[in-house]
Amino acid sequence: MNAMPSNIEIKARSRNPGHQRALAAAVATSPVETFDQVDAFFAVSTGRLKLRELGPDLGQLIHYIRQDISGPKESTYSISVTNEPANLRAVMAAALGVIGEVRKRRTVFHVGQTRTHFDEVERLGTFLELEVVLRPGQSPEQGTSIARSLMRDLEVAEMDCVEGAYLDLVIQSAH
C-alpha cells in the first residue's frame, strides 16, 4: 500500500489581504484560480472527514490527519473525487452525521510546490493558507523551511497563525 500524501500547512488570519495577494501574485508560478467551496464535516473517530462541494457535479471526499497547533504542521490526507456530491453528502450525513459546514471563496496561487490560498470564509473573514506538498523523499523539516520562507515573503506573522480547522473557528464564533 502506498503512503498517504502529506503536506506542511499553515493557516493564518490575513491582516492585509490586498497587499498579501499582490505579494503572492509576484511569486506565483501559475495563473491564479478562484472558486467557491462548501465543506461539510462528518463525525469520525480519527482525523477529519469532509465533503468539499465545488459544483453540482464535482466534489471531493477528503480525510486528513493533522495536529491542531499554530504554525507549520504536517498533514496526511487522502482524496476521492465524486460527480454526485449532493447524493454522497446525503449518504454520509445519514451514516455519520454532519458536525458542521464551512463556506468559502478560495483564491489559489501556486508558488513552486506550495498551494497558497486566500480564503474568504463566511462569518470569519479572510485567511491565508499555505500547503507545501511534500515530494517523495522530502522531509517534513524541508517542507517547514519552505513554508517559513513563504510566510516571510507574504508578510505572515507567527501571531497571525491559527490552530485547528475553519470548522473549529465557525463553531467557536457561534457561541
# chains A, B, ... in the order shown; residues from 1 in each chain; ligands from 1

$ residues_around --residues "Thr46 in chain A" --least-positions-apart "4" --cutoff "12 Å" --atoms "only C-alpha atoms" --output "ChimeraX atom specification"
/A:42,63-67,77

$ write_last_selection --atoms "N, CA and C atoms" --output "PDB file, in the first residue's frame"
ATOM      1  N   PHE A  42     -17.991  15.512   8.713  1.00  0.00           N
ATOM      2  CA  PHE A  42     -18.731  14.387   9.266  1.00  0.00           C
ATOM      3  C   PHE A  42     -18.066  13.880  10.537  1.00  0.00           C
ATOM      4  N   HIS A  63     -10.216  12.899   3.636  1.00  0.00           N
ATOM      5  CA  HIS A  63      -9.909  12.515   5.008  1.00  0.00           C
ATOM      6  C   HIS A  63      -8.493  13.002   5.304  1.00  0.00           C
ATOM      7  N   TYR A  64      -8.316  13.667   6.446  1.00  0.00           N
ATOM      8  CA  TYR A  64      -6.972  14.128   6.785  1.00  0.00           C
ATOM      9  C   TYR A  64      -6.717  14.024   8.270  1.00  0.00           C
ATOM     10  N   ILE A  65      -5.441  13.912   8.581  1.00  0.00           N
ATOM     11  CA  ILE A  65      -4.979  13.846   9.965  1.00  0.00           C
ATOM     12  C   ILE A  65      -3.928  14.925  10.136  1.00  0.00           C
ATOM     13  N   ARG A  66      -4.151  15.803  11.114  1.00  0.00           N
ATOM     14  CA  ARG A  66      -3.260  16.939  11.330  1.00  0.00           C
ATOM     15  C   ARG A  66      -3.392  17.381  12.781  1.00  0.00           C
ATOM     16  N   GLN A  67      -2.291  17.769  13.389  1.00  0.00           N
ATOM     17  CA  GLN A  67      -2.349  18.317  14.748  1.00  0.00           C
ATOM     18  C   GLN A  67      -3.019  19.683  14.713  1.00  0.00           C
ATOM     19  N   TYR A  77      -3.219  13.042   4.077  1.00  0.00           N
ATOM     20  CA  TYR A  77      -4.583  13.107   3.552  1.00  0.00           C
ATOM     21  C   TYR A  77      -4.801  12.099   2.441  1.00  0.00           C
TER      22      TYR A  77
END

$ select_by_dssp --residues "range 33-131 of chain A" --states "helix (DSSP H, G or I)" --output "ChimeraX atom specification"
/A:85-96

$ closest_residue --among "A:His19, A:Gly47, A:Asp36, A:Pro72" --to "Pro140 in chain A" --atoms "only C-alpha atoms"
A:Pro72

$ residues_around --residues "Arg148 in chain A" --least-positions-apart "6" --cutoff "12 Å" --atoms "only C-alpha atoms" --output "JSON, numbers by chain"
{"A": [8, 9, 10, 11, 71, 72, 73, 114, 130, 131, 132, 141, 142, 154, 155, 156, 157, 158, 161]}

$ write_last_selection --atoms "N, CA and C atoms" --output "compact mmCIF listing (two decimals), in the first residue's frame"
# COMPACT_ATOMS: atom_id res chain seq x y z
N ILE A 8 2.92 20.21 4.42
CA ILE A 8 3.15 21.06 5.59
C ILE A 8 2.22 22.25 5.40
N GLU A 9 1.44 22.52 6.41
CA GLU A 9 0.37 23.51 6.27
C GLU A 9 0.46 24.57 7.36
N ILE A 10 0.14 25.79 6.97
CA ILE A 10 -0.10 26.85 7.96
C ILE A 10 -1.40 27.55 7.58
N LYS A 11 -2.08 28.01 8.58
CA LYS A 11 -3.31 28.79 8.39
C LYS A 11 -3.16 30.04 9.25
N GLY A 71 1.00 27.51 13.55
CA GLY A 71 2.26 27.44 12.80
C GLY A 71 2.31 26.23 11.89
N PRO A 72 3.46 26.00 11.26
CA PRO A 72 3.58 24.89 10.31
C PRO A 72 3.36 23.54 10.99
N LYS A 73 2.59 22.68 10.32
CA LYS A 73 2.30 21.35 10.85
C LYS A 73 2.10 20.38 9.69
N THR A 114 4.06 24.80 -3.49
CA THR A 114 3.15 25.29 -2.46
C THR A 114 1.87 25.84 -3.06
N LEU A 130 -1.12 28.14 3.57
CA LEU A 130 -0.03 27.61 2.76
C LEU A 130 -0.04 26.09 2.90
N GLU A 131 0.02 25.39 1.77
CA GLU A 131 0.14 23.94 1.78
C GLU A 131 1.36 23.57 0.92
N VAL A 132 2.44 23.22 1.58
CA VAL A 132 3.65 22.78 0.89
C VAL A 132 3.49 21.27 0.66
N GLU A 141 10.73 18.55 7.69
CA GLU A 141 11.56 19.71 8.05
C GLU A 141 11.85 20.56 6.81
N GLN A 142 12.09 19.91 5.68
CA GLN A 142 12.31 20.67 4.44
C GLN A 142 11.05 21.44 4.05
N LEU A 154 5.37 36.61 2.24
CA LEU A 154 3.98 37.10 2.20
C LEU A 154 3.62 37.92 3.44
N GLU A 155 4.62 38.19 4.28
CA GLU A 155 4.45 39.00 5.49
C GLU A 155 3.39 38.43 6.42
N VAL A 156 3.50 37.11 6.66
CA VAL A 156 2.63 36.43 7.60
C VAL A 156 3.38 36.32 8.93
N ALA A 157 2.84 36.92 9.97
CA ALA A 157 3.48 36.90 11.29
C ALA A 157 3.02 35.65 12.05
N GLU A 158 3.90 35.14 12.91
CA GLU A 158 3.55 33.98 13.75
C GLU A 158 2.27 34.26 14.54
N CYS A 161 -1.01 33.23 12.93
CA CYS A 161 -1.31 31.81 12.71
C CYS A 161 -2.42 31.35 13.66

$ atom_distance --atom1 "CA of Glu53 in chain A" --atom2 "CA of Arg89 in chain A"
9.0 Å

$ atom_distance --atom1 "CA of Arg123 in chain A" --atom2 "CA of Ile99 in chain A"
16.9 Å

$ atom_distance --atom1 "CA of Phe35 in chain A" --atom2 "CA of Gly59 in chain A"
12.6 Å

$ closest_residue --among "A:Ala165, A:Leu23, A:Leu124, A:Ile146" --to "Lys104 in chain A" --atoms "only C-alpha atoms"
A:Leu124

$ select_by_dssp --residues "range 45-79 of chain A" --states "strand (DSSP E or B)" --output "number ranges by chain"
A: 48-55, 58-66, 73-79

$ write_last_selection --atoms "N, CA and C atoms" --output "short mmCIF file (atom, residue, chain, number, x, y, z; two decimals), in the first residue's frame"
data_model
loop_
_atom_site.label_atom_id
_atom_site.label_comp_id
_atom_site.auth_asym_id
_atom_site.auth_seq_id
_atom_site.Cartn_x
_atom_site.Cartn_y
_atom_site.Cartn_z
N ARG A 48 -10.15 14.07 10.42
CA ARG A 48 -11.33 14.81 9.97
C ARG A 48 -11.74 14.26 8.61
N LEU A 49 -13.05 14.24 8.37
CA LEU A 49 -13.59 13.80 7.10
C LEU A 49 -14.55 14.86 6.60
N LYS A 50 -14.28 15.35 5.39
CA LYS A 50 -15.15 16.39 4.83
C LYS A 50 -15.46 16.09 3.38
N LEU A 51 -16.63 16.54 2.98
CA LEU A 51 -17.01 16.51 1.57
C LEU A 51 -16.94 17.93 1.08
N ARG A 52 -16.07 18.18 0.12
CA ARG A 52 -15.91 19.51 -0.46
C ARG A 52 -16.74 19.56 -1.74
N GLU A 53 -17.77 20.40 -1.73
CA GLU A 53 -18.60 20.57 -2.92
C GLU A 53 -18.07 21.76 -3.70
N LEU A 54 -17.65 21.49 -4.95
CA LEU A 54 -17.09 22.51 -5.83
C LEU A 54 -18.08 22.92 -6.91
N GLY A 55 -19.17 22.19 -7.01
CA GLY A 55 -20.21 22.44 -8.00
C GLY A 55 -21.21 21.31 -7.95
N LEU A 58 -19.30 18.12 -9.11
CA LEU A 58 -17.91 17.91 -8.72
C LEU A 58 -17.74 18.07 -7.22
N GLY A 59 -17.20 17.05 -6.60
CA GLY A 59 -16.92 17.09 -5.17
C GLY A 59 -15.71 16.23 -4.85
N GLN A 60 -15.17 16.45 -3.66
CA GLN A 60 -14.03 15.67 -3.19
C GLN A 60 -14.31 15.24 -1.75
N LEU A 61 -14.22 13.94 -1.50
CA LEU A 61 -14.29 13.43 -0.15
C LEU A 61 -12.85 13.38 0.35
N ILE A 62 -12.57 14.11 1.43
CA ILE A 62 -11.20 14.28 1.91
C ILE A 62 -11.11 13.83 3.37
N HIS A 63 -10.22 12.90 3.64
CA HIS A 63 -9.91 12.52 5.01
C HIS A 63 -8.49 13.00 5.30
N TYR A 64 -8.32 13.67 6.45
CA TYR A 64 -6.97 14.13 6.79
C TYR A 64 -6.72 14.02 8.27
N ILE A 65 -5.44 13.91 8.58
CA ILE A 65 -4.98 13.85 9.97
C ILE A 65 -3.93 14.93 10.14
N ARG A 66 -4.15 15.80 11.11
CA ARG A 66 -3.26 16.94 11.33
C ARG A 66 -3.39 17.38 12.78
N LYS A 73 2.59 22.68 10.32
CA LYS A 73 2.30 21.35 10.85
C LYS A 73 2.10 20.38 9.69
N GLU A 74 2.44 19.11 9.91
CA GLU A 74 2.29 18.11 8.86
C GLU A 74 0.85 17.61 8.82
N SER A 75 0.36 17.40 7.63
CA SER A 75 -0.98 16.88 7.40
C SER A 75 -0.87 15.73 6.40
N THR A 76 -1.44 14.57 6.75
CA THR A 76 -1.55 13.48 5.78
C THR A 76 -2.99 13.41 5.34
N TYR A 77 -3.22 13.04 4.08
CA TYR A 77 -4.58 13.11 3.55
C TYR A 77 -4.80 12.10 2.44
N SER A 78 -6.06 11.82 2.19
CA SER A 78 -6.46 11.04 1.02
C SER A 78 -7.72 11.69 0.46
N ILE A 79 -7.86 11.64 -0.86
CA ILE A 79 -8.95 12.33 -1.57
C ILE A 79 -9.59 11.37 -2.55
#

$ closest_residue --among "A:Glu84, A:Gly112, A:Ser70, A:Arg105" --to "Asp39 in chain A" --atoms "only C-alpha atoms"
A:Arg105

$ residues_around --residues "Arg13 in chain A" --least-positions-apart "2" --cutoff "7 Å" --atoms "only C-alpha atoms" --output "list in words"
Arg15, Thr126, Phe127, Leu128, Asp160 and Cys161 of chain A

$ closest_residue --among "A:Ala86, A:Ser80, A:Gln37, A:Gly143" --to "Asp57 in chain A" --atoms "only C-alpha atoms"
A:Ala86

$ closest_residue --among "A:Arg152, A:Arg115, A:Arg135, A:Val38" --to "Tyr166 in chain A" --atoms "only C-alpha atoms"
A:Val38

$ closest_residue --among "A:Leu167, A:Ala147, A:Met159, A:Val44" --to "Ala93 in chain A" --atoms "only C-alpha atoms"
A:Val44
